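Novice: My questions all concern the structure below.
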Amino acid sequence: MLGDIGAAEDALQDAYLVALERWPRTGFPENPSAWILAAARNRAIDRLRRERKGREKLARLAALEIASPASDPFEEEPMKALSDDRLGLIFACCHPGLGVEGRIALTLRTLGGLTTEEIADAFLVPHPTMAQRLVRVKRKIREAAIPFDVPPPERLGDRLADVCAVLYLIFNQGYVASSGEHLTRRDLCDEAIRLTSVLTELMPQEPEVMALLALMLFQHSRREARTDAAGELVPLHAQDRTRWDFEAIDRANDLLERARRYPVEGPYQLQAAIAAVHANAREPNAVDWEAIAELYARLAAIESSPVVDLNRAVAIGFACGPAAGLTALDTMHLEALENYHLVHVARADFLRRLHRFGEAREEYLTALTLTRNAGEAAFLKRKIAELVCHTERSER
Amino acid sequence: MILIYQPKQERQPTPEEWAAAMPAWEAYGAEIQKRGEFVDAAPLADVSSATTVRVRDGKRTVTDGPFAETKEVLGGYYLVNAPTLDEAIELAALCPGAQYGSVEVRPLVEM
């Protein structure tokens, strides 16, 4: 809206100050976030007037005011113009002209309200590095004139996919930290879920946004069960299902159901559908692996990737037996993933189930050299130790 | 077309540095004008503001940054009327950018 993230942020901060001054006196408004944005817009107008610059921007803001005459946000529902402002900010933060790291940092800083230090810690980079990254990304927005607008309809699909990708990257960074001691950085997961919820409210007719939120909720529902007391990873089939968050699963099922009413089946919907098969199985043996293999095949048809192929091979392995899984894995041209530890974990698992313990052990050892996650490393070491027992028993 | 490449800067020039560099550029512009060969010119914003666009099979990809990571980046251009390469080289050699970066001379294709 202001074409300058610095000005927008300042205006927002001013509004928070006003809110802090006013709420203790006037009571908490029905919709605090809408109120803050309404106040932020008024503050931005003040600021622009004071500066006597940016006449065009002033005209645009004035137009917004006319479009949404509700000047008392205590009385009114959140307004469309407000939603558009906020959406515009989301689309600017996730603009493809910005580097991916910059998009993530800016989204967390501007929309998530995390401090620079918190973001730096979540991504394991020194504080000054993150501060510099934010400065660079804001400068690019200003100099390249990245708009704070909702894209036109013909561009909306691609740009919305970019926004979803940033939100899902934030979630994943929280879900499996790629390195370090903490397997789950829940703050980032919670933040990604919150932001995606906001997006579903701002764009209530977008099935992929609903599906993305469903996908996050399905995965997040297992947060208490996926690590044990020692912080080690517990695989899905061994998890204590009573510790799953069934409230989150119900909410995710509803969202997925709503997304399915639309004619288009997008990549997030397919991924959410796969997660739903797992989340709705009452016991590990009840998982419908054939359905999962079929969903992965559909996903590969719209978004071909070696990771999707790998997952399909794993699903085939459960649906049709380890020999079929191993064949699928070997025919899928996964050369690009030779350095990806999960390929070796999958192959090791098939080999183990085929009682080819020596080969299985070699694959687990390779995987162990490739993972940087302490929880996963501990899990792999346990697998290797189990195999040693097996091998000794079979030799006896 | 005179394309002015310059070594990638670690930082933005200070206002003082800008002020110190300006007279040479003004003199260069004035010289081309005087020769009656000026068509158009502009400096480009810092390469950190660059965005690269590709369209493949109708699918658009937009990425941050310039097309190639090189030591020298395009910093600006002059469009001049020069009937021959030698005349263009004369004009290019006068360019202040030639003294610290490099200047590429490219004819426009008549269409």
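By order in the structure tokens, chains are A, B, ...; within a chain, residues start at 1; ligands start at 1, following the order shown.
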Chain A residues within 12 Å of chain B, counting only C-alpha atoms: which ones, as a list in words?

Specialist: Cys94, His95, Pro96, Gly97, Leu98, Gly99, Val100, Glu101, Gly102, Arg103, Arg133, Val135, Arg136, Val137, Lys138, Arg139, Lys140, Ile141, Arg142, Glu143, Ala144, Ala145, Ile146, Arg155, Gly157, Asp158, Arg159 and Asp162 of chain A

Novice: May I have all residues of chain B that DSSP, computed from the backbone, assigns to alpha helix (DSSP H), given as a ChimeraX atom specification?

Specialist: /B:15-34,85-94

Novice: Could you dump the residues just selected with C-alpha atoms as an mmCIF file, in the first residue's frame?

Specialist:
data_model
loop_
_atom_site.group_PDB
_atom_site.id
_atom_site.type_symbol
_atom_site.label_atom_id
_atom_site.label_comp_id
_atom_site.auth_asym_id
_atom_site.auth_seq_id
_atom_site.Cartn_x
_atom_site.Cartn_y
_atom_site.Cartn_z
ATOM 1 C CA PRO B 15 27.248 11.183 -1.558
ATOM 2 C CA GLU B 16 30.755 12.656 -1.568
ATOM 3 C CA GLU B 17 31.966 9.975 -3.963
ATOM 4 C CA TRP B 18 28.956 10.620 -6.190
ATOM 5 C CA ALA B 19 29.685 14.341 -6.172
ATOM 6 C CA ALA B 20 33.326 13.724 -7.013
ATOM 7 C CA ALA B 21 32.427 11.456 -9.958
ATOM 8 C CA MET B 22 29.672 13.643 -11.423
ATOM 9 C CA PRO B 23 31.703 16.308 -13.306
ATOM 10 C CA ALA B 24 33.373 13.680 -15.511
ATOM 11 C CA TRP B 25 29.988 12.146 -16.440
ATOM 12 C CA GLU B 26 28.446 15.552 -17.093
ATOM 13 C CA ALA B 27 31.364 16.450 -19.327
ATOM 14 C CA TYR B 28 30.975 13.146 -21.184
ATOM 15 C CA GLY B 29 27.265 13.737 -21.770
ATOM 16 C CA ALA B 30 27.943 17.297 -22.918
ATOM 17 C CA GLU B 31 30.629 16.094 -25.333
ATOM 18 C CA ILE B 32 28.313 13.566 -27.008
ATOM 19 C CA GLN B 33 25.573 16.224 -27.214
ATOM 20 C CA LYS B 34 28.030 18.655 -28.759
ATOM 21 C CA LEU B 85 32.490 1.129 -35.051
ATOM 22 C CA ASP B 86 35.544 3.357 -34.912
ATOM 23 C CA GLU B 87 33.417 6.383 -34.195
ATOM 24 C CA ALA B 88 31.564 4.398 -31.536
ATOM 25 C CA ILE B 89 34.887 3.322 -30.031
ATOM 26 C CA GLU B 90 35.954 6.969 -29.908
ATOM 27 C CA LEU B 91 32.816 7.784 -27.922
ATOM 28 C CA ALA B 92 33.180 4.715 -25.730
ATOM 29 C CA ALA B 93 36.776 5.540 -24.888
ATOM 30 C CA LEU B 94 35.705 8.969 -23.666
#

Novice: Would you pick out the contacts of stretch 205-221 of chain A at 8 Å or less, using only C-alpha atoms, so that residues sharing its chain but fewer than 4 positions from it are not included, and give the list as an MDAnalysis selection string?

Specialist: chainID A and resid 164 168 171 175 189 193 196:197 199:200 244:246 248:249 251:253 255:256 258:260 262 266:269 271:273 275:276 279

Novice: List as a list in words the protein and nucleic acid residues near stretch 73-76 of chain B, meaning an atom at most 8 Å away when only C-alpha atoms are counted, but skip any in the same chain fewer than 4 places from it.

Specialist: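 So, after excluding close chain neighbours, the residues are Leu3, Ile4, Tyr5, Gln6, Pro7, Lys8, Ala41, Ala42, Pro43, Leu44, Ala45, Asp46 and Val47 of chain B.
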
Novice: Figure out the distance between atom CA of A:Gln173 and atom CA of A:Asp190, please, to one decimal in Å.

Specialist: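 Atom CA of A:Gln173 lies 11.4 Å from atom CA of A:Asp190.
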
Novice: Near A:Ala367, counting only C-alpha atoms, which residues have an atom at most 6 Å away, once you skip same-chain residues fewer than 2 positions from it, shown as a PyMOL selection string?

Specialist: chain A and resi 341+344+364-365+369-370

Novice: May I have the residues within 9 Å of stretch 108-112 of chain A as a list of chain:residue names, using only C-alpha atoms and disregarding those fewer than 6 positions away in the same chain?

Specialist: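 The filter keeps A:Ile5, A:Glu9, A:Arg86, A:Leu89, A:Ile90, A:Cys93, A:Ile119, A:Leu134, A:Ile170, A:Leu188, A:Glu191, A:Ala192, A:Arg194, A:Leu195.
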
Novice: Output the selection as a CSV table (one decimal), in the first residue's frame - C-alpha atoms for each residue.

Specialist:
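Result saved to again.csv:
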chain,number,residue,atom,x,y,z
A,5,ILE,CA,8.1,-1.6,3.7
A,9,GLU,CA,6.3,-1.1,9.3
A,86,ARG,CA,-2.9,-7.0,4.5
A,89,LEU,CA,1.7,-7.0,2.3
A,90,ILE,CA,1.7,-10.8,2.1
A,93,CYS,CA,6.8,-10.2,1.3
A,119,ILE,CA,14.4,-15.3,13.2
A,134,LEU,CA,16.4,-7.9,6.1
A,170,ILE,CA,8.5,-21.7,7.4
A,188,LEU,CA,7.9,-21.6,13.6
A,191,GLU,CA,3.6,-19.1,13.3
A,192,ALA,CA,3.2,-20.8,9.9
A,194,ARG,CA,-1.3,-18.8,12.3
A,195,LEU,CA,-0.3,-17.0,9.1
